[in-house]
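Asker: model13.pdb is the file, holding PDB, N, CA and C atoms:
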```pdb
MODEL        1
ATOM      1  N   MET A 519      18.858  14.496   8.253  1.00  0.00           N
ATOM      2  CA  MET A 519      18.363  13.151   8.009  1.00  0.00           C
ATOM      3  C   MET A 519      19.236  12.494   6.929  1.00  0.00           C
ATOM      4  N   PRO A 520      19.644  11.252   7.173  1.00  0.00           N
ATOM      5  CA  PRO A 520      20.483  10.554   6.189  1.00  0.00           C
ATOM      6  C   PRO A 520      19.727  10.305   4.886  1.00  0.00           C
ATOM      7  N   THR A 521      20.474  10.280   3.804  1.00  0.00           N
ATOM      8  CA  THR A 521      19.881   9.985   2.504  1.00  0.00           C
ATOM      9  C   THR A 521      19.720   8.474   2.351  1.00  0.00           C
ATOM     10  N   LEU A 522      18.978   8.091   1.360  1.00  0.00           N
ATOM     11  CA  LEU A 522      18.782   6.673   1.082  1.00  0.00           C
ATOM     12  C   LEU A 522      20.122   5.999   0.802  1.00  0.00           C
ATOM     13  N   LYS A 523      20.964   6.680   0.048  1.00  0.00           N
ATOM     14  CA  LYS A 523      22.287   6.144  -0.271  1.00  0.00           C
ATOM     15  C   LYS A 523      23.088   5.882   1.010  1.00  0.00           C
ATOM     16  N   GLU A 524      23.032   6.807   1.944  1.00  0.00           N
ATOM     17  CA  GLU A 524      23.761   6.638   3.212  1.00  0.00           C
ATOM     18  C   GLU A 524      23.230   5.458   4.012  1.00  0.00           C
ATOM     19  N   PHE A 525      21.929   5.284   4.012  1.00  0.00           N
ATOM     20  CA  PHE A 525      21.344   4.116   4.696  1.00  0.00           C
ATOM     21  C   PHE A 525      21.846   2.822   4.065  1.00  0.00           C
ATOM     22  N   VAL A 526      21.793   2.767   2.748  1.00  0.00           N
ATOM     23  CA  VAL A 526      22.186   1.547   2.041  1.00  0.00           C
ATOM     24  C   VAL A 526      23.666   1.247   2.261  1.00  0.00           C
ATOM     25  N   GLU A 527      24.495   2.266   2.263  1.00  0.00           N
ATOM     26  CA  GLU A 527      25.934   2.070   2.460  1.00  0.00           C
ATOM     27  C   GLU A 527      26.263   1.487   3.834  1.00  0.00           C
ATOM     28  N   LYS A 528      25.381   1.661   4.794  1.00  0.00           N
ATOM     29  CA  LYS A 528      25.594   1.110   6.138  1.00  0.00           C
ATOM     30  C   LYS A 528      25.262  -0.377   6.219  1.00  0.00           C
ATOM     31  N   LEU A 529      24.584  -0.888   5.202  1.00  0.00           N
ATOM     32  CA  LEU A 529      24.186  -2.294   5.202  1.00  0.00           C
ATOM     33  C   LEU A 529      25.336  -3.182   4.738  1.00  0.00           C
ATOM     34  N   PRO A 530      25.329  -4.439   5.182  1.00  0.00           N
ATOM     35  CA  PRO A 530      26.322  -5.385   4.658  1.00  0.00           C
ATOM     36  C   PRO A 530      26.024  -5.672   3.182  1.00  0.00           C
ATOM     37  N   PRO A 531      27.019  -6.149   2.437  1.00  0.00           N
ATOM     38  CA  PRO A 531      26.856  -6.348   0.987  1.00  0.00           C
ATOM     39  C   PRO A 531      25.654  -7.203   0.593  1.00  0.00           C
ATOM     40  N   ASP A 532      25.362  -8.251   1.359  1.00  0.00           N
ATOM     41  CA  ASP A 532      24.230  -9.101   0.983  1.00  0.00           C
ATOM     42  C   ASP A 532      22.910  -8.352   1.090  1.00  0.00           C
ATOM     43  N   LEU A 533      22.783  -7.496   2.092  1.00  0.00           N
ATOM     44  CA  LEU A 533      21.547  -6.704   2.218  1.00  0.00           C
ATOM     45  C   LEU A 533      21.509  -5.573   1.192  1.00  0.00           C
ATOM     46  N   GLN A 534      22.664  -5.039   0.843  1.00  0.00           N
ATOM     47  CA  GLN A 534      22.702  -4.039  -0.223  1.00  0.00           C
ATOM     48  C   GLN A 534      22.185  -4.649  -1.525  1.00  0.00           C
ATOM     49  N   GLN A 535      22.550  -5.905  -1.778  1.00  0.00           N
ATOM     50  CA  GLN A 535      22.068  -6.593  -2.977  1.00  0.00           C
ATOM     51  C   GLN A 535      20.557  -6.777  -2.924  1.00  0.00           C
ATOM     52  N   GLU A 536      20.018  -7.093  -1.725  1.00  0.00           N
ATOM     53  CA  GLU A 536      18.559  -7.226  -1.581  1.00  0.00           C
ATOM     54  C   GLU A 536      17.860  -5.916  -1.876  1.00  0.00           C
ATOM     55  N   VAL A 537      18.427  -4.814  -1.386  1.00  0.00           N
ATOM     56  CA  VAL A 537      17.847  -3.496  -1.643  1.00  0.00           C
ATOM     57  C   VAL A 537      17.858  -3.217  -3.144  1.00  0.00           C
ATOM     58  N   LYS A 538      18.976  -3.503  -3.795  1.00  0.00           N
ATOM     59  CA  LYS A 538      19.089  -3.299  -5.244  1.00  0.00           C
ATOM     60  C   LYS A 538      18.048  -4.137  -5.988  1.00  0.00           C
ATOM     61  N   ASP A 539      17.923  -5.410  -5.606  1.00  0.00           N
ATOM     62  CA  ASP A 539      16.944  -6.288  -6.244  1.00  0.00           C
ATOM     63  C   ASP A 539      15.523  -5.766  -6.062  1.00  0.00           C
ATOM     64  N   TYR A 540      15.227  -5.279  -4.856  1.00  0.00           N
ATOM     65  CA  TYR A 540      13.887  -4.772  -4.580  1.00  0.00           C
ATOM     66  C   TYR A 540      13.597  -3.519  -5.399  1.00  0.00           C
ATOM     67  N   ILE A 541      14.574  -2.644  -5.502  1.00  0.00           N
ATOM     68  CA  ILE A 541      14.387  -1.427  -6.296  1.00  0.00           C
ATOM     69  C   ILE A 541      14.154  -1.783  -7.764  1.00  0.00           C
ATOM     70  N   GLU A 542      14.922  -2.759  -8.276  1.00  0.00           N
ATOM     71  CA  GLU A 542      14.706  -3.196  -9.658  1.00  0.00           C
ATOM     72  C   GLU A 542      13.309  -3.777  -9.839  1.00  0.00           C
ATOM     73  N   PHE A 543      12.845  -4.544  -8.847  1.00  0.00           N
ATOM     74  CA  PHE A 543      11.488  -5.094  -8.888  1.00  0.00           C
ATOM     75  C   PHE A 543      10.452  -3.972  -8.940  1.00  0.00           C
ATOM     76  N   LEU A 544      10.606  -2.973  -8.077  1.00  0.00           N
ATOM     77  CA  LEU A 544       9.649  -1.861  -8.051  1.00  0.00           C
ATOM     78  C   LEU A 544       9.638  -1.103  -9.378  1.00  0.00           C
ATOM     79  N   LEU A 545      10.812  -0.881  -9.947  1.00  0.00           N
ATOM     80  CA  LEU A 545      10.877  -0.178 -11.229  1.00  0.00           C
ATOM     81  C   LEU A 545      10.228  -0.988 -12.337  1.00  0.00           C
ATOM     82  N   GLU A 546      10.469  -2.290 -12.342  1.00  0.00           N
ATOM     83  CA  GLU A 546       9.861  -3.145 -13.360  1.00  0.00           C
ATOM     84  C   GLU A 546       8.344  -3.184 -13.198  1.00  0.00           C
ATOM     85  N   LYS A 547       7.892  -3.290 -11.953  1.00  0.00           N
ATOM     86  CA  LYS A 547       6.455  -3.314 -11.674  1.00  0.00           C
ATOM     87  C   LYS A 547       5.798  -2.028 -12.155  1.00  0.00           C
ATOM     88  N   ARG A 548       6.441  -0.931 -11.894  1.00  0.00           N
ATOM     89  CA  ARG A 548       5.897   0.363 -12.312  1.00  0.00           C
ATOM     90  C   ARG A 548       5.886   0.467 -13.832  1.00  0.00           C
ATOM     91  N   HIS A 549       6.924  -0.024 -14.469  1.00  0.00           N
ATOM     92  CA  HIS A 549       7.039   0.048 -15.921  1.00  0.00           C
ATOM     93  C   HIS A 549       5.980  -0.816 -16.604  1.00  0.00           C
ATOM     94  N   THR A 550       5.744  -2.014 -16.096  1.00  0.00           N
ATOM     95  CA  THR A 550       4.795  -2.920 -16.741  1.00  0.00           C
ATOM     96  C   THR A 550       3.352  -2.530 -16.484  1.00  0.00           C
ATOM     97  N   LYS A 551       3.107  -1.679 -15.512  1.00  0.00           N
ATOM     98  CA  LYS A 551       1.754  -1.254 -15.184  1.00  0.00           C
ATOM     99  C   LYS A 551       1.105  -0.474 -16.321  1.00  0.00           C
ATOM    100  N   HIS A 552       1.874   0.264 -17.060  1.00  0.00           N
ATOM    101  CA  HIS A 552       1.335   1.191 -18.049  1.00  0.00           C
ATOM    102  C   HIS A 552       1.518   0.689 -19.469  1.00  0.00           C
ATOM    103  N   LYS A 553       1.215  -0.567 -19.709  1.00  0.00           N
ATOM    104  CA  LYS A 553       1.355  -1.136 -21.042  1.00  0.00           C
ATOM    105  C   LYS A 553       0.041  -1.033 -21.814  1.00  0.00           C
ATOM    106  N   GLY A 554      -0.021  -0.139 -22.734  1.00  0.00           N
ATOM    107  CA  GLY A 554      -1.145  -0.065 -23.653  1.00  0.00           C
ATOM    108  C   GLY A 554      -2.500   0.223 -23.029  1.00  0.00           C
ATOM    109  N   LYS A 555      -3.493   0.156 -23.881  1.00  0.00           N
ATOM    110  CA  LYS A 555      -4.864   0.411 -23.465  1.00  0.00           C
ATOM    111  C   LYS A 555      -5.498  -0.855 -22.903  1.00  0.00           C
ATOM    112  N   LEU A 556      -6.491  -0.664 -22.075  1.00  0.00           N
ATOM    113  CA  LEU A 556      -7.250  -1.767 -21.518  1.00  0.00           C
ATOM    114  C   LEU A 556      -8.065  -2.425 -22.621  1.00  0.00           C
ATOM    115  N   LYS A 557      -7.973  -3.736 -22.715  1.00  0.00           N
ATOM    116  CA  LYS A 557      -8.752  -4.469 -23.715  1.00  0.00           C
ATOM    117  C   LYS A 557     -10.121  -4.801 -23.143  1.00  0.00           C
ATOM    118  N   LEU A 558     -11.134  -4.617 -23.929  1.00  0.00           N
ATOM    119  CA  LEU A 558     -12.498  -4.917 -23.501  1.00  0.00           C
ATOM    120  C   LEU A 558     -13.110  -5.990 -24.403  1.00  0.00           C
ATOM    121  N   ASP A 559     -12.281  -6.953 -24.825  1.00  0.00           N
ATOM    122  CA  ASP A 559     -12.776  -7.977 -25.735  1.00  0.00           C
ATOM    123  C   ASP A 559     -13.769  -8.928 -25.076  1.00  0.00           C
ATOM    124  N   TRP A 560     -13.886  -8.891 -23.760  1.00  0.00           N
ATOM    125  CA  TRP A 560     -14.854  -9.715 -23.037  1.00  0.00           C
ATOM    126  C   TRP A 560     -16.230  -9.054 -22.989  1.00  0.00           C
ATOM    127  N   ARG A 561     -16.292  -7.778 -23.365  1.00  0.00           N
ATOM    128  CA  ARG A 561     -17.527  -7.000 -23.277  1.00  0.00           C
ATOM    129  C   ARG A 561     -18.660  -7.701 -24.016  1.00  0.00           C
ATOM    130  N   GLY A 562     -19.782  -7.835 -23.371  1.00  0.00           N
ATOM    131  CA  GLY A 562     -20.954  -8.447 -23.970  1.00  0.00           C
ATOM    132  C   GLY A 562     -21.007  -9.958 -23.840  1.00  0.00           C
ATOM    133  N   ALA A 563     -20.012 -10.549 -23.180  1.00  0.00           N
ATOM    134  CA  ALA A 563     -19.948 -12.009 -23.077  1.00  0.00           C
ATOM    135  C   ALA A 563     -21.113 -12.595 -22.290  1.00  0.00           C
ATOM    136  N   LEU A 564     -21.706 -11.822 -21.400  1.00  0.00           N
ATOM    137  CA  LEU A 564     -22.821 -12.317 -20.584  1.00  0.00           C
ATOM    138  C   LEU A 564     -24.151 -11.703 -20.998  1.00  0.00           C
ATOM    139  N   ARG A 565     -24.194 -11.179 -22.214  1.00  0.00           N
ATOM    140  CA  ARG A 565     -25.390 -10.491 -22.709  1.00  0.00           C
ATOM    141  C   ARG A 565     -26.639 -11.366 -22.623  1.00  0.00           C
ATOM    142  N   ASP A 566     -26.490 -12.666 -22.901  1.00  0.00           N
ATOM    143  CA  ASP A 566     -27.648 -13.563 -22.890  1.00  0.00           C
ATOM    144  C   ASP A 566     -28.227 -13.762 -21.484  1.00  0.00           C
ATOM    145  N   LEU A 567     -27.505 -13.361 -20.457  1.00  0.00           N
ATOM    146  CA  LEU A 567     -27.988 -13.530 -19.080  1.00  0.00           C
ATOM    147  C   LEU A 567     -28.654 -12.268 -18.514  1.00  0.00           C
ATOM    148  N   ARG A 568     -28.662 -11.172 -19.269  1.00  0.00           N
ATOM    149  CA  ARG A 568     -29.157  -9.916 -18.700  1.00  0.00           C
ATOM    150  C   ARG A 568     -30.654  -9.934 -18.382  1.00  0.00           C
ATOM    151  N   ASP A 569     -31.436 -10.750 -19.083  1.00  0.00           N
ATOM    152  CA  ASP A 569     -32.864 -10.830 -18.777  1.00  0.00           C
ATOM    153  C   ASP A 569     -33.147 -11.852 -17.676  1.00  0.00           C
ATOM    154  N   LYS A 570     -32.171 -12.690 -17.380  1.00  0.00           N
ATOM    155  CA  LYS A 570     -32.354 -13.729 -16.371  1.00  0.00           C
ATOM    156  C   LYS A 570     -31.918 -13.249 -14.978  1.00  0.00           C
ATOM    157  N   TYR A 571     -30.906 -12.384 -14.912  1.00  0.00           N
ATOM    158  CA  TYR A 571     -30.353 -11.933 -13.636  1.00  0.00           C
ATOM    159  C   TYR A 571     -30.230 -10.413 -13.601  1.00  0.00           C
ATOM    160  N   THR A 572     -30.361  -9.837 -12.393  1.00  0.00           N
ATOM    161  CA  THR A 572     -29.981  -8.434 -12.211  1.00  0.00           C
ATOM    162  C   THR A 572     -28.458  -8.430 -12.057  1.00  0.00           C
ATOM    163  N   SER A 573     -27.858  -7.263 -12.076  1.00  0.00           N
ATOM    164  CA  SER A 573     -26.400  -7.200 -11.941  1.00  0.00           C
ATOM    165  C   SER A 573     -25.937  -7.766 -10.596  1.00  0.00           C
ATOM    166  N   VAL A 574     -26.719  -7.514  -9.541  1.00  0.00           N
ATOM    167  CA  VAL A 574     -26.363  -8.041  -8.215  1.00  0.00           C
ATOM    168  C   VAL A 574     -26.500  -9.564  -8.196  1.00  0.00           C
ATOM    169  N   GLU A 575     -27.571 -10.070  -8.757  1.00  0.00           N
ATOM    170  CA  GLU A 575     -27.749 -11.532  -8.813  1.00  0.00           C
ATOM    171  C   GLU A 575     -26.635 -12.183  -9.632  1.00  0.00           C
ATOM    172  N   LEU A 576     -26.244 -11.518 -10.706  1.00  0.00           N
ATOM    173  CA  LEU A 576     -25.172 -12.050 -11.529  1.00  0.00           C
ATOM    174  C   LEU A 576     -23.849 -12.075 -10.759  1.00  0.00           C
ATOM    175  N   GLN A 577     -23.607 -11.061  -9.957  1.00  0.00           N
ATOM    176  CA  GLN A 577     -22.406 -11.050  -9.115  1.00  0.00           C
ATOM    177  C   GLN A 577     -22.417 -12.232  -8.148  1.00  0.00           C
ATOM    178  N   HIS A 578     -23.573 -12.523  -7.586  1.00  0.00           N
ATOM    179  CA  HIS A 578     -23.689 -13.663  -6.668  1.00  0.00           C
ATOM    180  C   HIS A 578     -23.456 -14.981  -7.411  1.00  0.00           C
ATOM    181  N   GLU A 579     -23.995 -15.101  -8.610  1.00  0.00           N
ATOM    182  CA  GLU A 579     -23.802 -16.314  -9.403  1.00  0.00           C
ATOM    183  C   GLU A 579     -22.329 -16.506  -9.759  1.00  0.00           C
ATOM    184  N   ILE A 580     -21.674 -15.431 -10.158  1.00  0.00           N
ATOM    185  CA  ILE A 580     -20.251 -15.505 -10.497  1.00  0.00           C
ATOM    186  C   ILE A 580     -19.446 -15.931  -9.277  1.00  0.00           C
ATOM    187  N   SER A 581     -19.811 -15.397  -8.119  1.00  0.00           N
ATOM    188  CA  SER A 581     -19.129 -15.788  -6.876  1.00  0.00           C
ATOM    189  C   SER A 581     -19.292 -17.284  -6.622  1.00  0.00           C
ATOM    190  N   LYS A 582     -20.483 -17.795  -6.861  1.00  0.00           N
ATOM    191  CA  LYS A 582     -20.718 -19.233  -6.693  1.00  0.00           C
ATOM    192  C   LYS A 582     -19.868 -20.034  -7.671  1.00  0.00           C
ATOM    193  N   TRP A 583     -19.817 -19.582  -8.943  1.00  0.00           N
ATOM    194  CA  TRP A 583     -19.018 -20.289  -9.959  1.00  0.00           C
ATOM    195  C   TRP A 583     -17.554 -20.336  -9.550  1.00  0.00           C
ATOM    196  N   ARG A 584     -17.035 -19.214  -9.061  1.00  0.00           N
ATOM    197  CA  ARG A 584     -15.632 -19.141  -8.662  1.00  0.00           C
ATOM    198  C   ARG A 584     -15.334 -20.076  -7.495  1.00  0.00           C
ATOM    199  N   ASN A 585     -16.284 -20.204  -6.600  1.00  0.00           N
ATOM    200  CA  ASN A 585     -16.075 -21.025  -5.401  1.00  0.00           C
ATOM    201  C   ASN A 585     -16.491 -22.482  -5.601  1.00  0.00           C
ATOM    202  N   GLY A 586     -16.913 -22.813  -6.806  1.00  0.00           N
ATOM    203  CA  GLY A 586     -17.287 -24.174  -7.110  1.00  0.00           C
ATOM    204  C   GLY A 586     -18.565 -24.651  -6.422  1.00  0.00           C
ATOM    205  N   ILE A 587     -19.477 -23.726  -6.149  1.00  0.00           N
ATOM    206  CA  ILE A 587     -20.725 -24.063  -5.441  1.00  0.00           C
ATOM    207  C   ILE A 587     -21.816 -24.487  -6.406  1.00  0.00           C
ATOM    208  N   VAL A 588     -21.640 -24.280  -7.667  1.00  0.00           N
ATOM    209  CA  VAL A 588     -22.688 -24.539  -8.664  1.00  0.00           C
ATOM    210  C   VAL A 588     -23.260 -25.916  -8.562  1.00  0.00           C
TER     211      VAL A 588
ENDMDL
END
```
Please rewrite the model in this file as structure tokens.

Answerer:
Amino acid sequence: MPTLKEFVEKLPPDLQQEVKDYIEFLLEKRHTKHKGKLKLDWRGALRDLRDKYTSVELQHEISKWRNGIV
């Protein structure tokens, strides 16, 4: 089975550049994925609504807000 390098070498230069660009994109995407810890600064933002809605009802309300149905 041909190697990746052999496949790429068979491509014309413009497509070789596309492959290179795509590989750089994938590497950058992978690198930026693992930046630091997850921030939870939003935690507790809906605390005042916990007695008014169940978690399922709150999900439905949020869906309405997102879709502009309010």

Asker: Which residues in chain A does DSSP call helix (DSSP H, G or I)? List them as a PyMOL selection string.

Answerer: chain A and resi 522-527+531-551+565-567+573-584

Asker: Quick one: pull the distance between atom N of Asp569 in chain A and CA of Lys555 in chain A, Å, one decimal.

Answerer: 29.2 Å

Asker: Please define a box with edges along x, y and z of the file around all atoms of range 560-576 of chain A given in the file, extend it by 8 Å on each side, and return its centre and edge lengths in Å to one decimal, as AutoDock Vina command-line options.

Answerer:
```
--center_x -23.5 --center_y -10.4 --center_z -16.1 --size_x 35.3 --size_y 22.8 --size_z 31.8
```

Asker: Would you compute the distance between CA of Gly562 in chain A and CA of Lys582 in chain A? Give it in Å to one decimal.

Answerer: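 Distance between the two atoms: 20.4 Å.
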
Asker: May I ask for the distance between atom C of Ile580 in chain A and CA of Ala563 in chain A, given in Å to one decimal place?

Answerer: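 Distance between the two atoms: 14.4 Å.
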